[in-house]
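Here is the file work08.cif (mmCIF, C-alpha atoms and all ligand atoms).
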```
data_work
loop_
_atom_site.label_atom_id
_atom_site.label_comp_id
_atom_site.auth_asym_id
_atom_site.auth_seq_id
_atom_site.Cartn_x
_atom_site.Cartn_y
_atom_site.Cartn_z
CA LYS A 124 -37.24 132.65 53.95
CA LEU A 125 -38.90 136.03 54.35
CA VAL A 126 -37.15 137.48 51.26
CA SER A 127 -38.33 134.71 48.99
CA ARG A 128 -41.16 134.51 46.47
CA GLU A 129 -42.24 131.31 48.21
CA PHE A 130 -42.90 133.28 51.39
CA GLN A 131 -44.72 136.06 49.53
CA SER A 132 -45.83 135.74 45.92
CA GLU A 133 -47.00 139.35 45.36
CA ASN A 134 -44.41 142.10 44.93
CA THR A 135 -43.64 144.15 48.01
CA ILE A 136 -44.69 147.74 47.44
CA ILE A 137 -42.90 150.21 49.72
CA LYS A 138 -45.02 153.29 50.38
CA ILE A 139 -43.12 156.45 51.24
CA GLY A 140 -45.07 159.68 51.34
CA GLU A 141 -47.15 159.67 48.18
CA HIS A 142 -44.71 157.38 46.39
CA GLU A 143 -44.70 153.64 45.92
CA ILE A 144 -41.51 151.74 45.18
CA GLY A 145 -42.06 148.37 43.56
CA GLY A 146 -45.31 149.38 41.86
CA GLU A 147 -45.94 150.79 38.39
CA GLU A 148 -43.84 153.92 38.77
CA ILE A 149 -40.08 153.82 38.08
CA HIS A 150 -38.29 156.01 40.62
CA VAL A 151 -35.19 158.04 39.98
CA MET A 152 -33.11 158.89 43.03
CA ALA A 153 -30.57 161.53 42.08
CA GLY A 154 -28.03 163.82 43.67
CA PRO A 155 -24.38 164.19 44.50
CA CYS A 156 -22.16 161.49 45.92
CA SER A 157 -21.48 163.72 48.95
CA VAL A 158 -23.37 166.62 50.45
CA GLU A 159 -20.69 169.31 50.17
CA SER A 160 -22.39 172.61 50.98
CA ARG A 161 -25.79 174.23 51.32
CA SER A 162 -25.67 175.79 47.85
CA GLN A 163 -24.44 172.57 46.22
CA ILE A 164 -27.20 170.37 47.65
CA LEU A 165 -30.00 172.92 47.16
CA GLU A 166 -28.98 173.68 43.60
CA THR A 167 -28.78 169.97 42.76
CA ALA A 168 -32.08 169.19 44.48
CA HIS A 169 -33.99 171.84 42.51
CA ALA A 170 -32.41 170.72 39.25
CA VAL A 171 -33.11 166.99 39.66
CA LYS A 172 -36.65 167.69 40.86
CA GLU A 173 -37.24 169.80 37.76
CA ALA A 174 -35.99 166.92 35.60
CA GLY A 175 -38.38 164.45 37.23
CA ALA A 176 -36.49 162.76 40.08
CA THR A 177 -38.60 161.74 43.09
CA PHE A 178 -35.80 161.18 45.63
CA LEU A 179 -32.69 163.17 46.49
CA ARG A 180 -29.55 161.16 47.22
CA GLY A 181 -26.46 162.53 48.97
CA GLY A 182 -23.97 161.15 51.46
CA ALA A 183 -23.46 162.85 54.81
CA PHE A 184 -21.43 159.95 56.22
CA LYS A 185 -19.01 158.73 53.55
CA PRO A 186 -17.26 155.35 53.56
CA ARG A 187 -14.01 156.36 51.81
CA THR A 188 -11.21 154.09 50.66
CA SER A 189 -8.62 156.46 52.17
CA PRO A 190 -8.90 157.72 55.75
CA TYR A 191 -7.47 161.03 54.48
CA ALA A 192 -10.30 161.57 51.97
CA PHE A 193 -13.36 163.73 52.81
CA GLN A 194 -15.49 161.77 55.28
CA GLY A 195 -18.71 163.77 54.92
CA LEU A 196 -20.43 166.70 56.67
CA GLU A 197 -22.15 164.28 59.08
CA GLU A 198 -25.08 165.82 60.99
CA GLU A 199 -24.71 169.16 59.20
CA GLY A 200 -25.08 167.23 55.93
CA LEU A 201 -28.24 165.54 57.21
CA LYS A 202 -29.69 168.94 58.10
CA LEU A 203 -28.92 170.25 54.62
CA LEU A 204 -30.65 167.22 53.08
CA ALA A 205 -33.68 167.90 55.27
CA GLU A 206 -33.68 171.53 54.15
CA ALA A 207 -33.54 170.44 50.49
CA ARG A 208 -36.41 168.04 51.18
CA GLU A 209 -38.43 170.87 52.69
CA GLU A 210 -37.74 173.20 49.75
CA THR A 211 -38.36 170.75 46.92
CA GLY A 212 -40.66 168.03 48.22
CA LEU A 213 -38.11 165.41 47.18
CA LEU A 214 -37.75 162.53 49.61
CA VAL A 215 -34.26 161.74 50.87
CA VAL A 216 -32.04 158.66 50.71
CA THR A 217 -28.72 158.75 52.58
CA GLU A 218 -26.21 156.27 53.90
CA VAL A 219 -25.68 155.20 57.49
CA VAL A 220 -22.27 153.66 58.15
CA ASP A 221 -22.26 153.20 61.92
CA VAL A 222 -24.64 151.56 64.40
CA ARG A 223 -24.16 154.57 66.70
CA ASP A 224 -25.69 156.87 64.04
CA VAL A 225 -28.72 154.83 63.01
CA GLU A 226 -31.21 156.78 65.12
CA LEU A 227 -29.76 160.13 64.04
CA VAL A 228 -29.80 159.29 60.32
CA ALA A 229 -33.27 157.71 60.54
CA HIS A 230 -34.54 160.94 62.08
CA TYR A 231 -33.59 162.94 58.98
CA THR A 232 -33.99 160.56 56.06
CA ASP A 233 -36.84 158.76 54.27
CA ILE A 234 -34.71 155.79 53.17
CA LEU A 235 -31.67 154.41 54.99
CA GLN A 236 -28.92 153.37 52.61
CA ILE A 237 -26.66 150.48 53.56
CA GLY A 238 -23.51 150.87 51.48
CA ALA A 239 -21.79 148.13 49.56
CA ARG A 240 -18.99 147.90 52.12
CA ASN A 241 -21.49 147.27 54.90
CA MET A 242 -23.74 144.73 53.20
CA GLN A 243 -22.58 142.04 55.59
CA ASN A 244 -22.21 144.27 58.65
CA PHE A 245 -24.80 142.16 60.45
CA ILE A 246 -24.84 144.31 63.58
CA LEU A 247 -25.69 147.35 61.43
CA LEU A 248 -28.35 145.36 59.54
CA LYS A 249 -29.98 144.36 62.83
CA GLU A 250 -29.93 147.97 63.97
CA VAL A 251 -31.61 149.39 60.84
CA ALA A 252 -34.16 146.60 61.19
CA LYS A 253 -35.32 148.26 64.43
CA THR A 254 -36.22 151.52 62.66
CA ASN A 255 -39.42 152.14 60.73
CA ARG A 256 -37.48 153.46 57.73
CA PRO A 257 -37.27 151.63 54.39
CA VAL A 258 -33.77 150.32 53.66
CA LEU A 259 -31.85 150.43 50.37
CA LEU A 260 -29.44 147.51 50.60
CA LYS A 261 -26.52 147.83 48.24
CA ARG A 262 -24.79 144.73 46.95
CA GLY A 263 -21.35 144.04 48.41
CA PRO A 264 -18.59 144.38 45.79
CA SER A 265 -17.96 140.63 45.95
CA ALA A 266 -21.26 139.34 47.30
CA THR A 267 -23.14 136.52 45.63
CA LEU A 268 -26.87 136.71 45.06
CA GLU A 269 -27.40 134.26 47.92
CA GLU A 270 -25.29 136.31 50.36
CA TRP A 271 -27.10 139.47 49.32
CA MET A 272 -30.51 137.90 49.87
CA MET A 273 -29.42 136.64 53.28
CA ALA A 274 -28.34 140.18 54.20
CA ALA A 275 -31.89 141.34 53.35
CA GLU A 276 -33.17 138.43 55.42
CA TYR A 277 -31.34 139.84 58.47
CA ILE A 278 -33.27 143.11 58.13
CA MET A 279 -36.60 141.39 57.60
CA ASP A 280 -35.99 138.93 60.41
CA GLY A 281 -35.30 141.96 62.61
CA GLY A 282 -38.84 143.20 61.91
CA ASN A 283 -38.36 145.64 59.04
CA TYR A 284 -39.99 144.33 55.86
CA GLN A 285 -39.37 147.49 53.83
CA VAL A 286 -36.20 146.47 52.05
CA MET A 287 -35.09 147.13 48.48
CA PHE A 288 -32.03 145.70 46.75
CA CYS A 289 -29.56 147.94 44.93
CA GLU A 290 -27.25 146.50 42.30
CA ARG A 291 -24.18 148.77 42.13
CA GLY A 292 -21.65 146.59 40.33
CA ILE A 293 -19.21 143.95 41.49
CA ARG A 294 -15.45 143.63 41.34
CA THR A 295 -14.18 141.64 38.37
CA PHE A 296 -10.93 141.50 36.36
CA GLU A 297 -12.20 144.37 34.19
CA ASN A 298 -10.66 147.65 35.22
CA TYR A 299 -11.81 149.99 32.47
CA THR A 300 -14.98 150.36 34.47
CA ARG A 301 -14.88 150.92 38.25
CA ASN A 302 -17.17 147.91 38.82
CA THR A 303 -18.99 145.50 36.53
CA LEU A 304 -22.69 146.29 36.63
CA ASP A 305 -24.47 142.95 36.89
CA LEU A 306 -27.85 143.69 35.36
CA SER A 307 -28.76 140.01 35.31
CA MET A 308 -29.48 140.48 39.02
CA VAL A 309 -32.61 142.47 38.18
CA PRO A 310 -34.58 139.58 36.65
CA ALA A 311 -32.83 137.08 38.94
CA LEU A 312 -33.94 138.93 42.08
CA HIS A 313 -37.41 139.51 40.69
CA SER A 314 -37.82 135.80 40.15
CA LEU A 315 -36.44 134.76 43.56
CA SER A 316 -37.70 137.63 45.74
CA HIS A 317 -40.72 139.89 46.12
CA LEU A 318 -38.61 142.92 47.10
CA PRO A 319 -38.04 145.93 44.77
CA VAL A 320 -34.76 146.23 42.85
CA ILE A 321 -32.94 149.53 42.23
CA VAL A 322 -29.89 149.93 39.98
CA ASP A 323 -26.94 152.29 40.50
CA PRO A 324 -25.28 152.85 37.11
CA SER A 325 -22.92 155.47 38.59
CA HIS A 326 -20.93 153.21 40.94
CA GLY A 327 -21.69 150.38 38.53
CA THR A 328 -19.51 151.97 35.83
CA GLY A 329 -17.44 154.76 37.40
CA ARG A 330 -17.73 156.71 34.13
CA TRP A 331 -20.44 159.32 33.58
CA ASN A 332 -20.61 158.76 29.82
CA LEU A 333 -21.65 155.12 30.35
CA VAL A 334 -24.35 155.97 32.90
CA PRO A 335 -27.34 156.85 30.63
CA SER A 336 -27.03 153.63 28.60
CA MET A 337 -26.80 151.49 31.72
CA ALA A 338 -29.75 153.33 33.29
CA LYS A 339 -31.85 152.57 30.21
CA ALA A 340 -30.68 148.95 30.21
CA ALA A 341 -31.69 148.68 33.88
CA VAL A 342 -35.19 149.97 33.14
CA ALA A 343 -35.48 147.62 30.17
CA ALA A 344 -34.47 144.77 32.51
CA GLY A 345 -37.34 145.66 34.84
CA ALA A 346 -35.66 147.70 37.58
CA ASP A 347 -38.04 149.47 39.97
CA GLY A 348 -35.77 152.48 40.09
CA ILE A 349 -32.39 154.05 39.44
CA ILE A 350 -30.06 155.79 41.88
CA VAL A 351 -27.68 158.10 40.06
CA GLU A 352 -25.03 160.67 40.92
CA VAL A 353 -25.58 164.22 39.65
CA HIS A 354 -23.38 167.22 40.45
CA PRO A 355 -23.69 170.86 39.32
CA ASN A 356 -19.95 170.87 38.60
CA PRO A 357 -18.56 167.31 38.47
CA GLU A 358 -14.97 168.51 37.97
CA LYS A 359 -15.12 170.19 41.36
CA ALA A 360 -16.88 167.33 43.18
CA VAL A 361 -15.14 166.18 46.38
CA SER A 362 -16.05 162.56 45.58
CA ASP A 363 -16.99 160.55 42.50
CA GLY A 364 -16.87 163.46 40.03
CA LYS A 365 -15.82 161.14 37.20
CA GLN A 366 -19.08 159.21 37.41
CA SER A 367 -21.36 162.18 38.09
CA LEU A 368 -23.73 163.53 35.47
CA THR A 369 -24.05 167.26 34.88
CA VAL A 370 -27.57 168.65 35.18
CA PRO A 371 -28.03 168.91 31.37
CA ASN A 372 -26.84 165.31 30.91
CA PHE A 373 -29.15 164.13 33.67
CA THR A 374 -32.08 165.98 32.12
CA THR A 375 -31.42 164.37 28.73
CA MET A 376 -31.19 160.95 30.38
CA MET A 377 -34.52 161.51 32.15
CA ASP A 378 -36.23 162.33 28.85
CA GLU A 379 -34.84 159.14 27.33
CA LEU A 380 -35.90 157.07 30.35
CA LYS A 381 -39.44 158.44 30.15
CA LYS A 382 -39.70 157.50 26.48
CA LEU A 383 -38.36 154.05 27.23
CA ALA A 384 -40.71 153.48 30.17
CA ASP A 385 -43.68 154.55 28.06
CA ALA A 386 -42.66 152.14 25.31
CA LEU A 387 -42.39 149.17 27.68
C1 LIG B 401 -22.53 155.95 47.37
O1 LIG B 401 -23.73 155.71 47.10
O2 LIG B 401 -22.02 157.09 47.25
C2 LIG B 401 -21.67 154.82 47.75
C3 LIG B 401 -20.63 154.99 48.57
O3 LIG B 401 -22.03 153.65 47.15
P1 LIG B 401 -21.48 152.15 47.34
O4 LIG B 401 -21.74 151.79 48.77
O5 LIG B 401 -22.32 151.38 46.36
O6 LIG B 401 -20.03 152.15 46.98
MN MN B 402 -20.42 157.86 45.33
#
```

What's the structure tokens form of this structure?
Ligand code: PEP
Ligand code: MN
Amino acid sequence: KLVSREFQSENTIIKIGEHEIGGEEIHVMAGPCSVESRSQILETAHAVKEAGATFLRGGAFKPRTSPYAFQGLEEEGLKLLAEAREETGLLVVTEVVDVRDVELVAHYTDILQIGARNMQNFILLKEVAKTNRPVLLKRGPSATLEEWMMAAEYIMDGGNYQVMFCERGIRTFENYTRNTLDLSMVPALHSLSHLPVIVDPSHGTGRWNLVPSMAKAAVAAGADGIIVEVHPNPEKAVSDGKQSLTVPNFTTMMDELKKLADAL
């Protein structure tokens, strides 16, 4: 299989702009769950850039549990992300939820995010495979390692070899945390596959106060990067405020991550 170490023994390094994912550098992708307004995304982008992030995350198309919840700013959100990219030099990662929007989202973003709920949306996987954009493939909430690797295989088989895995927690009996972050997937994937592995401690815990520890644990486990939710005012966030770091908390976490990475 194309995803496997047997097919390719060296690590895949995904080059985006001047950055390389899967190489020496550990990338931090940070930003709000949802793009909410121009001021919100620009303020967050400047703050996370200042703290050392290399990518800006933010959802313009949101897969929400309730159809009555905020569904995202859609194309306006993509334009705001592009503006933040222009202003800060941060690269952008954002989710695409619908095959009809793949071209539109690919036009604005540097990395296409496939959300957990769509990990086995094979039609969508085949569609993102046709773009030249790297893909961040989140783990389905109840997907096994094998199913997850086969989802990546769909994208690679479709001609796009720039795929990275993202562990974001799975559903277990534990309900103190939103999901159970399965950090064993980091070394497991690294042994079975040549593709980079990113960890999302925000959706992986659902609680902001647990995020810095899990981010450090992910780096210690060998993750190639972290994707984390940051909001200038988490209490006012339209989605996932409870798991979002404030800017000061994010900045502290970044300092700790740098020390850890240097020590490894
Ligand atoms: C998100 O990144 O905001 C998101 C919806 O993540 P997931 O697909 O992992 O739930
Ligand atoms: Mn979110």

Which is closest to ligand MN 402 (chain B) among A:Pro257, A:Gly140, A:Pro357, A:Gly212, if we use all atoms listed in the file? A:Pro357

Residues proximal to (-31.0, 166.8, 38.8) were defined as those with any atom within 10 Å of that point in the file's coordinates, counting all atoms listed in the file. Which are they, as number ranges by chain? A: 151-155, 166-176, 179, 351-355, 368-374, 377

Restricting the calculation to all atoms listed in the file, which member of A:Ile234, A:Ala183, A:Ala207, A:Val286 is positioned closest to ligand MN 402 (chain B)?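 Counting all atoms listed in the file, the residue closest to ligand MN 402 (chain B) is A:Ala183.
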
Could you please extract the residues within 8 Å of ligand MN 402 (chain B), counting all atoms listed in the file, and hand them back as number ranges by chain? A: 155-157, 182, 325-326, 352, 362-363

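The coordinates place CA of Ile321 in chain A at 11.8 Å from CA of Gln236 in chain A.
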
Each chain A residue no farther than 6 Å from ligand LIG 401 (chain B), nearest pair in Å, only C-alpha atoms and all ligand atoms, as JSON lines:
```
{"residue": "A:Cys156", "atom": "CA", "partner": "B:LIG401", "partner_atom": "O2", "distance": 4.6}
{"residue": "A:Gly238", "atom": "CA", "partner": "B:LIG401", "partner_atom": "O4", "distance": 3.4}
{"residue": "A:Ala239", "atom": "CA", "partner": "B:LIG401", "partner_atom": "O4", "distance": 3.7}
{"residue": "A:Arg240", "atom": "CA", "partner": "B:LIG401", "partner_atom": "O4", "distance": 5.8}
{"residue": "A:Lys261", "atom": "CA", "partner": "B:LIG401", "partner_atom": "O5", "distance": 5.8}
{"residue": "A:Arg291", "atom": "CA", "partner": "B:LIG401", "partner_atom": "O5", "distance": 5.3}
{"residue": "A:His326", "atom": "CA", "partner": "B:LIG401", "partner_atom": "O5", "distance": 5.9}
```

Two-atom distance - CA of Val225 in chain A, CA of Arg208 in chain A (Å): 19.3 Å

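For Ala346 in chain A, the non-local neighbours within 7 Å, defined as residues at least 2 positions apart in the same chain or in other chains and counting all atoms listed in the file, are Val309, Val320, Ile321, Val322, Ala341, Val342, Ala344 and Gly348 of chain A.
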
Hey, can you check how far CA of Trp331 in chain A sits from CA of Thr300 in chain A? 10.5 Å

Nearest to Lys249 in chain A by atom-to-atom distance, counting only C-alpha atoms, from A:Val158, A:Ala205, A:Ala343, A:Ala275: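 Going through A:Val158, A:Ala205, A:Ala343, A:Ala275 one by one, the smallest distance to Lys249 in chain A is for A:Ala275.
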
Contacts of range 264-268 of chain A at 7 Å or less, counting all atoms listed in the file, minus same-chain residues fewer than 3 places along, as a list in words?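 Those residues are Ala239, Trp271, Met272, Gly292, Ile293 and Arg294 of chain A.
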
Arg256 in chain A: which residues within 9 Å, counting all atoms listed in the file, same-chain residues fewer than 6 positions away excluded, as a PyMOL selection string? chain A and resi 229+232-235+283+285

Find the residue from A:Ile149, A:Met242, A:Cys289, A:Val126 that sits nearest to Ser316 in chain A; use all atoms listed in the file when measuring.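 Among the listed residues, the smallest separation from Ser316 in chain A belongs to A:Val126.
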
Pick from A:His142, A:Lys339, A:Lys359, A:Arg301 nearest to Ala386 in chain A, counting all atoms listed in the file: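 Selected residue with least distance to Ala386 in chain A: A:Lys339.
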
For Leu125 in chain A, which residue out of A:Ala384, A:Ile349, A:Val361, A:Ile278 is the nearest one, using all atoms listed in the file?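 Closest to Leu125 in chain A of all the choices is A:Ile278.
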
Any chance you could export range 292-315 of chain A with N, CA and C atoms, as a PDB file, in the first residue's frame?
```pdb
ATOM      1  N   GLY A 292      -8.560  12.298  18.940  1.00  0.00           N
ATOM      2  CA  GLY A 292      -9.339  11.649  19.990  1.00  0.00           C
ATOM      3  C   GLY A 292     -10.446  10.783  19.424  1.00  0.00           C
ATOM      4  N   ILE A 293     -10.765   9.748  20.181  1.00  0.00           N
ATOM      5  CA  ILE A 293     -11.810   8.804  19.771  1.00  0.00           C
ATOM      6  C   ILE A 293     -12.874   8.724  20.861  1.00  0.00           C
ATOM      7  N   ARG A 294     -14.018   8.184  20.498  1.00  0.00           N
ATOM      8  CA  ARG A 294     -15.101   8.066  21.472  1.00  0.00           C
ATOM      9  C   ARG A 294     -14.914   6.806  22.318  1.00  0.00           C
ATOM     10  N   THR A 295     -14.905   6.989  23.619  1.00  0.00           N
ATOM     11  CA  THR A 295     -14.798   5.849  24.536  1.00  0.00           C
ATOM     12  C   THR A 295     -15.881   6.000  25.603  1.00  0.00           C
ATOM     13  N   PHE A 296     -15.875   5.155  26.618  1.00  0.00           N
ATOM     14  CA  PHE A 296     -16.852   5.279  27.716  1.00  0.00           C
ATOM     15  C   PHE A 296     -16.579   6.493  28.588  1.00  0.00           C
ATOM     16  N   GLU A 297     -15.375   7.045  28.514  1.00  0.00           N
ATOM     17  CA  GLU A 297     -15.013   8.186  29.361  1.00  0.00           C
ATOM     18  C   GLU A 297     -15.747   9.433  28.879  1.00  0.00           C
ATOM     19  N   ASN A 298     -16.433  10.098  29.798  1.00  0.00           N
ATOM     20  CA  ASN A 298     -17.115  11.321  29.349  1.00  0.00           C
ATOM     21  C   ASN A 298     -16.704  12.582  30.103  1.00  0.00           C
ATOM     22  N   TYR A 299     -15.657  12.452  30.922  1.00  0.00           N
ATOM     23  CA  TYR A 299     -15.101  13.672  31.528  1.00  0.00           C
ATOM     24  C   TYR A 299     -14.445  14.499  30.430  1.00  0.00           C
ATOM     25  N   THR A 300     -13.725  13.815  29.574  1.00  0.00           N
ATOM     26  CA  THR A 300     -13.134  14.457  28.405  1.00  0.00           C
ATOM     27  C   THR A 300     -14.085  14.275  27.222  1.00  0.00           C
ATOM     28  N   ARG A 301     -13.997  15.198  26.247  1.00  0.00           N
ATOM     29  CA  ARG A 301     -14.894  15.134  25.087  1.00  0.00           C
ATOM     30  C   ARG A 301     -14.599  13.891  24.241  1.00  0.00           C
ATOM     31  N   ASN A 302     -13.302  13.619  24.057  1.00  0.00           N
ATOM     32  CA  ASN A 302     -12.832  12.419  23.366  1.00  0.00           C
ATOM     33  C   ASN A 302     -11.653  11.884  24.152  1.00  0.00           C
ATOM     34  N   THR A 303     -11.210  10.696  23.823  1.00  0.00           N
ATOM     35  CA  THR A 303     -10.014  10.140  24.463  1.00  0.00           C
ATOM     36  C   THR A 303      -8.873  10.252  23.454  1.00  0.00           C
ATOM     37  N   LEU A 304      -7.901  11.098  23.803  1.00  0.00           N
ATOM     38  CA  LEU A 304      -6.787  11.332  22.872  1.00  0.00           C
ATOM     39  C   LEU A 304      -5.879  10.102  22.869  1.00  0.00           C
ATOM     40  N   ASP A 305      -5.769   9.484  21.720  1.00  0.00           N
ATOM     41  CA  ASP A 305      -5.025   8.221  21.621  1.00  0.00           C
ATOM     42  C   ASP A 305      -3.617   8.496  21.090  1.00  0.00           C
ATOM     43  N   LEU A 306      -2.749   8.884  22.041  1.00  0.00           N
ATOM     44  CA  LEU A 306      -1.390   9.267  21.627  1.00  0.00           C
ATOM     45  C   LEU A 306      -0.543   8.086  21.184  1.00  0.00           C
ATOM     46  N   SER A 307      -1.000   6.878  21.473  1.00  0.00           N
ATOM     47  CA  SER A 307      -0.245   5.709  20.992  1.00  0.00           C
ATOM     48  C   SER A 307      -0.242   5.648  19.461  1.00  0.00           C
ATOM     49  N   MET A 308      -1.193   6.366  18.835  1.00  0.00           N
ATOM     50  CA  MET A 308      -1.226   6.392  17.376  1.00  0.00           C
ATOM     51  C   MET A 308      -0.007   7.090  16.769  1.00  0.00           C
ATOM     52  N   VAL A 309       0.627   7.968  17.524  1.00  0.00           N
ATOM     53  CA  VAL A 309       1.781   8.678  16.964  1.00  0.00           C
ATOM     54  C   VAL A 309       2.913   7.701  16.649  1.00  0.00           C
ATOM     55  N   PRO A 310       3.414   6.952  17.644  1.00  0.00           N
ATOM     56  CA  PRO A 310       4.455   5.971  17.282  1.00  0.00           C
ATOM     57  C   PRO A 310       3.925   4.834  16.412  1.00  0.00           C
ATOM     58  N   ALA A 311       2.653   4.469  16.588  1.00  0.00           N
ATOM     59  CA  ALA A 311       2.105   3.374  15.765  1.00  0.00           C
ATOM     60  C   ALA A 311       2.108   3.780  14.291  1.00  0.00           C
ATOM     61  N   LEU A 312       1.624   4.990  14.003  1.00  0.00           N
ATOM     62  CA  LEU A 312       1.600   5.450  12.610  1.00  0.00           C
ATOM     63  C   LEU A 312       3.016   5.625  12.074  1.00  0.00           C
ATOM     64  N   HIS A 313       3.898   6.161  12.911  1.00  0.00           N
ATOM     65  CA  HIS A 313       5.267   6.356  12.435  1.00  0.00           C
ATOM     66  C   HIS A 313       5.948   5.032  12.091  1.00  0.00           C
ATOM     67  N   SER A 314       5.554   3.971  12.792  1.00  0.00           N
ATOM     68  CA  SER A 314       6.182   2.690  12.452  1.00  0.00           C
ATOM     69  C   SER A 314       5.556   2.076  11.199  1.00  0.00           C
ATOM     70  N   LEU A 315       4.255   2.287  11.003  1.00  0.00           N
ATOM     71  CA  LEU A 315       3.565   1.635   9.875  1.00  0.00           C
ATOM     72  C   LEU A 315       3.547   2.463   8.599  1.00  0.00           C
TER      73      LEU A 315
END
```
